[in-house]
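Chemist: Here you go, query-v4.txt (compact mmCIF, C-alpha atoms):
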# COMPACT_ATOMS: atom_id res chain seq x y z
CA MET A 1 121.18 93.68 111.77
CA ASN A 2 120.56 92.90 108.10
CA PRO A 3 118.83 95.85 106.32
CA SER A 4 117.41 93.56 103.63
CA ARG A 5 115.48 91.54 106.22
CA VAL A 6 114.14 94.70 107.82
CA THR A 7 113.08 95.91 104.38
CA ALA A 8 111.35 92.59 103.74
CA ILE A 9 109.12 93.12 106.78
CA VAL A 10 108.19 96.58 105.50
CA LEU A 11 107.56 95.26 101.99
CA ARG A 12 105.21 92.62 103.35
CA GLN A 13 103.06 95.36 104.90
CA PHE A 14 103.23 97.38 101.68
CA TYR A 15 102.00 94.44 99.61
CA LEU A 16 99.18 93.82 102.07
CA LEU A 17 98.06 97.44 101.80
CA ARG A 18 98.42 97.53 98.03
CA GLY A 19 96.34 94.41 97.62
CA SER A 20 93.48 95.46 99.89
CA PRO A 21 91.76 98.87 99.80
CA ALA A 22 89.99 97.85 103.02
CA ARG A 23 93.36 98.13 104.76
CA ILE A 24 94.14 101.50 103.20
CA LEU A 25 90.94 103.37 104.07
CA PRO A 26 91.34 103.12 107.87
CA LEU A 27 94.70 104.90 107.56
CA PHE A 28 92.95 108.20 106.93
CA ILE A 29 89.17 107.79 107.23
CA TRP A 30 89.01 107.59 111.04
CA VAL A 31 91.53 110.37 111.60
CA ALA A 32 89.66 112.63 109.20
CA ILE A 33 86.40 111.96 111.05
CA ASP A 34 88.05 112.73 114.40
CA VAL A 35 89.49 116.00 113.13
CA VAL A 36 86.16 117.12 111.64
CA LEU A 37 84.21 116.20 114.78
CA TRP A 38 86.61 117.91 117.19
CA GLY A 39 87.03 120.80 114.80
CA PHE A 40 83.34 121.68 115.00
CA ILE A 41 83.39 121.19 118.78
CA THR A 42 86.28 123.66 119.15
CA ARG A 43 84.61 126.13 116.79
CA TYR A 44 81.47 125.94 118.92
CA LEU A 45 83.46 126.46 122.14
CA ASN A 46 85.04 129.58 120.62
CA THR A 47 81.57 131.05 120.08
CA VAL A 48 80.12 130.34 123.54
CA THR A 49 83.06 131.21 125.80
CA ALA A 50 84.59 134.58 126.52
CA SER A 51 87.92 133.33 127.82
CA GLY A 52 89.81 134.58 124.78
CA LEU A 53 91.45 131.17 124.40
CA ASP A 54 91.55 129.80 120.86
CA PHE A 55 90.21 126.27 121.27
CA VAL A 56 91.18 125.36 117.71
CA THR A 57 94.85 125.76 118.59
CA SER A 58 94.73 124.52 122.17
CA LEU A 59 92.26 121.64 121.84
CA LEU A 60 92.08 120.58 118.21
CA GLY A 61 95.88 120.60 118.04
CA THR A 62 96.11 118.21 120.97
CA VAL A 63 93.48 115.92 119.46
CA LEU A 64 95.45 115.83 116.23
CA LEU A 65 98.73 114.92 117.92
CA TRP A 66 97.05 112.36 120.19
CA ASN A 67 95.68 110.67 117.08
CA PHE A 68 99.23 110.65 115.73
CA LEU A 69 100.42 108.77 118.84
CA THR A 70 97.55 106.31 118.53
CA ARG A 71 98.34 105.67 114.86
CA ALA A 72 102.01 105.13 115.69
CA MET A 73 101.03 102.47 118.21
CA GLN A 74 98.55 100.84 115.87
CA GLY A 75 101.09 100.86 113.06
CA VAL A 76 103.15 98.40 115.12
CA THR A 77 100.33 96.30 116.54
CA MET A 78 98.42 95.99 113.27
CA ALA A 79 101.54 94.83 111.43
CA PHE A 80 102.11 92.28 114.18
CA PHE A 81 98.47 91.17 114.15
CA GLU A 82 98.63 90.62 110.39
CA ASP A 83 101.28 87.97 111.02
CA VAL A 84 99.19 86.48 113.83
CA TRP A 85 95.94 86.39 111.86
CA SER A 86 97.62 84.80 108.83
CA ARG A 87 99.50 82.30 111.05
CA ASN A 88 102.69 83.64 109.55
CA PHE A 89 104.54 84.43 112.77
CA LEU A 90 106.23 81.05 113.05
CA ASN A 91 107.20 81.13 109.37
CA LEU A 92 109.03 84.42 109.86
CA PHE A 93 111.14 83.13 112.73
CA ALA A 94 111.92 79.90 110.92
CA THR A 95 114.19 82.14 108.83
CA PRO A 96 117.40 83.85 110.05
CA LEU A 97 115.27 86.89 110.96
CA SER A 98 116.19 88.24 114.40
CA THR A 99 113.80 89.87 116.86
CA SER A 100 115.58 93.22 116.50
CA GLU A 101 115.15 93.07 112.71
CA TYR A 102 111.49 92.15 113.11
CA ILE A 103 110.80 94.99 115.55
CA SER A 104 112.71 97.42 113.32
CA GLY A 105 110.52 96.38 110.40
CA LEU A 106 107.39 96.98 112.45
CA VAL A 107 108.67 100.42 113.48
CA LEU A 108 109.42 101.42 109.89
CA SER A 109 105.95 100.22 108.85
CA SER A 110 104.50 102.37 111.62
CA ILE A 111 106.45 105.40 110.43
CA ALA A 112 104.87 105.04 107.00
CA THR A 113 101.28 104.50 108.16
CA SER A 114 101.33 107.10 110.94
CA SER A 115 102.86 109.66 108.56
CA ILE A 116 99.96 109.13 106.15
CA GLY A 117 97.51 109.73 108.98
CA LEU A 118 99.39 112.84 110.12
CA VAL A 119 99.40 114.36 106.63
CA VAL A 120 95.66 113.76 106.26
CA MET A 121 94.91 115.23 109.70
CA VAL A 122 97.02 118.33 109.05
CA ALA A 123 95.42 118.84 105.63
CA VAL A 124 91.85 118.49 106.93
CA ALA A 125 92.46 120.62 110.03
CA GLY A 126 94.13 123.33 107.96
CA ALA A 127 91.57 123.40 105.15
CA ALA A 128 88.44 123.15 107.30
CA PHE A 129 89.42 124.95 110.51
CA GLY A 130 92.53 127.00 109.76
CA LEU A 131 94.75 125.05 112.16
CA SER A 132 98.46 125.15 111.42
CA LEU A 133 100.84 123.01 113.44
CA PHE A 134 103.53 125.53 112.61
CA THR A 135 101.95 127.61 115.38
CA TYR A 136 104.14 125.58 117.72
CA GLY A 137 107.30 126.52 115.79
CA VAL A 138 110.42 124.40 115.99
CA LEU A 139 109.02 122.69 119.09
CA LEU A 140 106.70 120.73 116.80
CA LEU A 141 109.55 118.34 115.95
CA PRO A 142 110.38 117.30 119.53
CA PHE A 143 106.66 117.11 120.28
CA LEU A 144 106.18 114.66 117.42
CA LEU A 145 109.32 112.76 118.42
CA VAL A 146 108.09 112.18 121.98
CA LEU A 147 104.65 111.07 120.83
CA PHE A 148 106.07 108.80 118.15
CA LEU A 149 108.57 107.12 120.49
CA TYR A 150 105.92 106.55 123.13
CA GLY A 151 103.42 105.29 120.56
CA ILE A 152 106.00 102.80 119.28
CA ALA A 153 106.73 101.73 122.87
CA LEU A 154 103.02 101.06 123.46
CA GLY A 155 102.83 99.12 120.20
CA VAL A 156 105.82 96.91 121.03
CA PHE A 157 104.50 96.34 124.55
CA GLY A 158 101.06 95.42 123.22
CA SER A 159 102.58 93.00 120.71
CA ALA A 160 104.55 91.33 123.51
CA VAL A 161 101.37 90.93 125.58
CA VAL A 162 99.61 89.22 122.69
CA LEU A 163 102.66 87.03 122.07
CA ARG A 164 102.54 85.94 125.71
CA LEU A 165 98.78 85.50 126.15
CA GLY A 166 97.76 84.51 122.63
CA PRO A 167 95.72 86.14 119.83
CA ALA A 168 92.59 86.42 121.97
CA ALA A 169 94.48 88.99 124.06
CA GLU A 170 94.35 91.50 121.21
CA TRP A 171 91.18 92.86 122.78
CA LEU A 172 93.32 93.96 125.70
CA ILE A 173 95.42 96.10 123.36
CA TRP A 174 92.83 98.33 121.69
CA PRO A 175 91.85 100.20 124.91
CA ILE A 176 95.47 101.07 125.83
CA PRO A 177 95.40 104.62 124.36
CA ALA A 178 92.13 105.35 126.15
CA MET A 179 93.56 104.12 129.45
CA VAL A 180 96.70 106.23 129.00
CA SER A 181 94.93 109.44 127.94
CA PRO A 182 93.74 110.55 131.43
CA PHE A 183 97.33 110.49 132.67
CA ALA A 184 98.67 112.03 129.46
CA CYS A 185 96.62 115.19 130.13
CA VAL A 186 95.47 115.36 126.52
CA PHE A 187 92.38 117.49 127.02
CA TYR A 188 93.07 119.31 130.29
CA PRO A 189 96.00 120.63 132.37
CA ARG A 190 97.77 118.36 134.82
CA ALA A 191 96.59 120.59 137.68
CA THR A 192 93.01 119.43 136.98
CA LEU A 193 93.84 115.91 138.15
CA PRO A 194 93.73 114.65 141.75
CA GLU A 195 97.12 114.80 143.43
CA TRP A 196 97.84 111.07 143.11
CA MET A 197 97.05 111.20 139.37
CA GLN A 198 99.26 114.26 138.96
CA LEU A 199 102.18 112.30 140.39
CA LEU A 200 101.52 109.37 138.06
CA SER A 201 101.16 111.67 135.06
CA LEU A 202 104.77 112.77 135.56
CA LEU A 203 105.78 109.27 134.42
CA PHE A 204 103.90 109.58 131.11
CA PRO A 205 105.95 111.28 128.36
CA PRO A 206 102.94 112.63 126.41
CA SER A 207 101.88 114.73 129.41
CA TYR A 208 104.94 116.95 128.91
CA VAL A 209 104.02 117.48 125.27
CA PHE A 210 100.40 118.44 125.89
CA GLU A 211 101.28 120.65 128.85
CA GLY A 212 103.79 122.41 126.60
CA MET A 213 101.24 122.83 123.81
CA ARG A 214 98.80 124.51 126.16
CA VAL A 215 101.50 126.85 127.43
CA ILE A 216 102.38 127.88 123.88
CA ALA A 217 98.68 128.34 122.96
CA THR A 218 98.18 130.72 125.90
CA GLY A 219 101.46 132.58 125.35
CA GLY A 220 103.03 131.44 128.61
CA PRO A 221 106.71 130.61 129.29
CA PHE A 222 107.74 127.22 127.94
CA SER A 223 110.09 124.94 129.87
CA GLY A 224 112.61 123.21 127.64
CA THR A 225 113.74 121.12 130.61
CA ALA A 226 110.30 119.55 130.92
CA LEU A 227 110.39 118.61 127.25
CA LEU A 228 113.81 117.00 127.67
CA VAL A 229 112.37 114.95 130.54
CA GLY A 230 109.59 113.84 128.19
CA VAL A 231 112.09 112.79 125.52
CA GLY A 232 114.14 110.87 128.09
CA LEU A 233 111.07 109.08 129.46
CA ALA A 234 109.89 108.19 125.95
CA LEU A 235 113.27 106.66 125.10
CA LEU A 236 113.25 104.74 128.38
CA CYS A 237 109.76 103.41 127.70
CA LEU A 238 110.79 102.30 124.22
CA LEU A 239 113.87 100.52 125.56
CA LEU A 240 111.87 98.75 128.27
CA ALA A 241 109.19 97.72 125.76
CA CYS A 242 111.80 96.20 123.42
CA VAL A 243 113.45 94.34 126.31
CA PHE A 244 110.03 93.09 127.41
CA PHE A 245 109.25 91.83 123.89
CA LEU A 246 112.63 90.06 123.71
CA LEU A 247 112.12 88.37 127.09
CA ILE A 248 108.62 87.22 126.13
CA TYR A 249 109.87 85.88 122.80
CA ARG A 250 112.72 83.95 124.42
CA GLU A 251 110.32 82.49 127.00
CA ALA A 252 107.97 81.47 124.19
CA LEU A 253 110.86 79.69 122.47
CA ARG A 254 111.83 77.83 125.64
CA SER A 255 108.26 76.76 126.38
CA GLY A 256 107.51 75.78 122.78
CA ARG A 257 104.64 78.27 122.57
CA VAL A 258 105.96 79.70 119.31
CA ALA A 259 105.63 76.30 117.62
CA ARG A 260 102.00 76.05 118.75
CA TYR A 261 101.15 79.65 117.90
CA SER A 262 98.03 79.82 115.74
CA ALA A 263 94.95 81.95 115.30
CA GLU A 264 92.99 79.73 117.67
CA SER A 265 95.47 79.63 120.57
CA VAL A 266 94.66 81.70 123.63
CA SER A 267 97.60 80.96 125.90
What would you get if you wrote out this structure as structure tokens?
Modeler:
Amino acid sequence: MNPSRVTAIVLRQFYLLRGSPARILPLFIWVAIDVVLWGFITRYLNTVTASGLDFVTSLLGTVLLWNFLTRAMQGVTMAFFEDVWSRNFLNLFATPLSTSEYISGLVLSSIATSSIGLVVMVAVAGAAFGLSLFTYGVLLLPFLLVLFLYGIALGVFGSAVVLRLGPAAEWLIWPIPAMVSPFACVFYPRATLPEWMQLLSLLFPPSYVFEGMRVIATGGPFSGTALLVGVGLALLCLLLACVFFLLIYREALRSGRVARYSAESVS
């Protein structure tokens, strides 16, 4: 892997952002709106319930970290879509750039954009609603790691789907976080789900994070083993997503689809 080629992919995204404020604003505007909206909802719930549970910590914190996962995924897919929309994908692979270097560049771009979103969310949540992610202690780092790895896996998988089906398939990618969220147990405990959904949720790494966050918020005993399972599943998902992307790319080369790839193609 050539670091200079990976850096070139990241620089391309940087130049796109620098040259267009319209690309910069979505990095923090939508996350700030989400935090404010859910912040007032949690503050209201604190006033009308007598459970003694702090909804700011237990609910707003999960919303914040779920947004982080979504931004990590979109950091990959949006960088990929930029190449699709500009019909630049074929140009990139006419160079010695390898698929691993390209994916690495997308991941590094996602790290930068998702970090911006996380900083904004933490700042808004802390200033407006007194939420501090440090409430979760040292476990915050593995929580973020699991969510980031899984978000990247979803982004790579989504990019592979678009590469296989064509640019029109991008509309299949945007709903992915919403479809995953019921099984990720973002807003409620796993025990709330029907039994068959509980079994499926065990395969989703974010569910271990959000279950752990609720345990910490209520002062219950935390299972480090469950978190390790979440880390392992997230790494497995990322590996499978990268393999899937590589297989789709090689098939596109064999079929000649890469040479015909344009903004109008749908298959």
Chemist: Compile the contact shell of A:Phe148 as a VMD selection string: residues with an atom at most 10 Å away, counting only C-alpha atoms, same-chain residues fewer than 5 positions apart removed.
Modeler: chain A and resid 65 to 66 68 to 73 107 110 to 111 114 142 to 143 153 to 154 206 234
Chemist: Within 9 Å of (108.2, 116.5, 135.8) in the file's own coordinates, which protein, DNA or RNA residues have an atom, counting only C-alpha atoms? List them as a PyMOL selection string.
Modeler: chain A and resi 199+201-203+208+225-226+229-230
Chemist: Need the shell around A:Leu172: protein/DNA/RNA residues with any atom at most 9 Å away, counting only C-alpha atoms. Skip same-chain ones fewer than 6 positions apart. Format as an MDAnalysis selection string?
Modeler: chainID A and resid 158 161:162
Chemist: Filtering to C-alpha atoms, could you give me those residues as a compact mmCIF listing (two decimals), in the frame of the given file?
Modeler:
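To be explicit, this is the file written out as part.txt:
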# COMPACT_ATOMS: atom_id res chain seq x y z
CA GLY A 158 101.06 95.42 123.22
CA VAL A 161 101.37 90.93 125.58
CA VAL A 162 99.61 89.22 122.69
Chemist: Dump as a tab-separated table the rows for residues of stretch 58-109 of chain A within 7 Å of stretch 17-39 of chain A: closest atom pair and distance in Å with one decimal, all atoms listed in the file counted, ordered by chain and rising residue number.
Modeler:
residue	atom	partner	partner_atom	distance
A:Leu60	CA	A:Gly39	CA	6.1
A:Leu64	CA	A:Val35	CA	6.7
A:Asn67	CA	A:Val31	CA	6.9
Chemist: Compare A:Gly105, A:Ala8, A:Gly155, A:Pro3 by their minimum atom-to-atom distance to A:Ile176, counting all atoms listed in the file, and give me the closest one.
Modeler: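 Of the candidates, the smallest distance to A:Ile176 is held by A:Gly155.
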Chemist: To one decimal place, how far is atom CA of A:Leu147 from atom CA of A:Gly220 in Å?
Modeler: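 Distance between the two atoms: 21.9 Å.
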Chemist: Please measure the separation of atom CA of A:Asn91 and atom CA of A:Trp174, giving the value in Å to one decimal.
Modeler: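 Spanning atom CA of A:Asn91 to atom CA of A:Trp174 is a straight-line distance of 25.6 Å.
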Chemist: For each of A:Asn2, A:Thr47, A:Ser223, A:Ser159, take the minimum atom-to-atom distance to A:Leu106, counting only C-alpha atoms, then give the residue where this is smallest.
Modeler: A:Ser159
Chemist: When you draw a straight line from atom CA of A:Phe204 to atom CA of A:Ala123, how long is it in Å?
Modeler: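 Taking atom CA of A:Phe204 and atom CA of A:Ala123, their separation equals 28.4 Å.
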Chemist: For A:Met78, which residue out of A:Met121, A:Ile173, A:Met197, A:Ile116 is the nearest one, using all atoms listed in the file?
Modeler: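 Looking at the shortest contact to A:Met78, the residue is A:Ile173.
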Chemist: Name the residues in contact with A:Gly232 at a cut-off of 9 Å, using all atoms listed in the file, excluding same-chain residues fewer than 4 positions from it; report them as a list of chain:residue names.
Modeler: A:Val146, A:Pro205, A:Leu227, A:Leu228, A:Leu236, A:Cys237
Chemist: Given all atoms listed in the file as the basis, pick out the residue of A:Ser181, A:Ser132, A:Ser104, A:Thr49 nearest to A:Ser4.
Modeler: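 Between A:Ser181, A:Ser132, A:Ser104, A:Thr49, the residue approaching A:Ser4 most closely is A:Ser104.
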Chemist: Take the point (94.2, 112.6, 135.1) as written in the file and pick out every residue within 12 Å of it, counting all atoms listed in the file; give the list as a PyMOL selection string.
Modeler: chain A and resi 178-202+204+207
Chemist: For the residues selected in the previous step, produce a file with C-alpha atoms as a CSV table (one decimal), in the coordinates of the input.
Modeler:
chain,number,residue,atom,x,y,z
A,178,ALA,CA,92.1,105.4,126.2
A,179,MET,CA,93.6,104.1,129.4
A,180,VAL,CA,96.7,106.2,129.0
A,181,SER,CA,94.9,109.4,127.9
A,182,PRO,CA,93.7,110.6,131.4
A,183,PHE,CA,97.3,110.5,132.7
A,184,ALA,CA,98.7,112.0,129.5
A,185,CYS,CA,96.6,115.2,130.1
A,186,VAL,CA,95.5,115.4,126.5
A,187,PHE,CA,92.4,117.5,127.0
A,188,TYR,CA,93.1,119.3,130.3
A,189,PRO,CA,96.0,120.6,132.4
A,190,ARG,CA,97.8,118.4,134.8
A,191,ALA,CA,96.6,120.6,137.7
A,192,THR,CA,93.0,119.4,137.0
A,193,LEU,CA,93.8,115.9,138.2
A,194,PRO,CA,93.7,114.6,141.8
A,195,GLU,CA,97.1,114.8,143.4
A,196,TRP,CA,97.8,111.1,143.1
A,197,MET,CA,97.0,111.2,139.4
A,198,GLN,CA,99.3,114.3,139.0
A,199,LEU,CA,102.2,112.3,140.4
A,200,LEU,CA,101.5,109.4,138.1
A,201,SER,CA,101.2,111.7,135.1
A,202,LEU,CA,104.8,112.8,135.6
A,204,PHE,CA,103.9,109.6,131.1
A,207,SER,CA,101.9,114.7,129.4
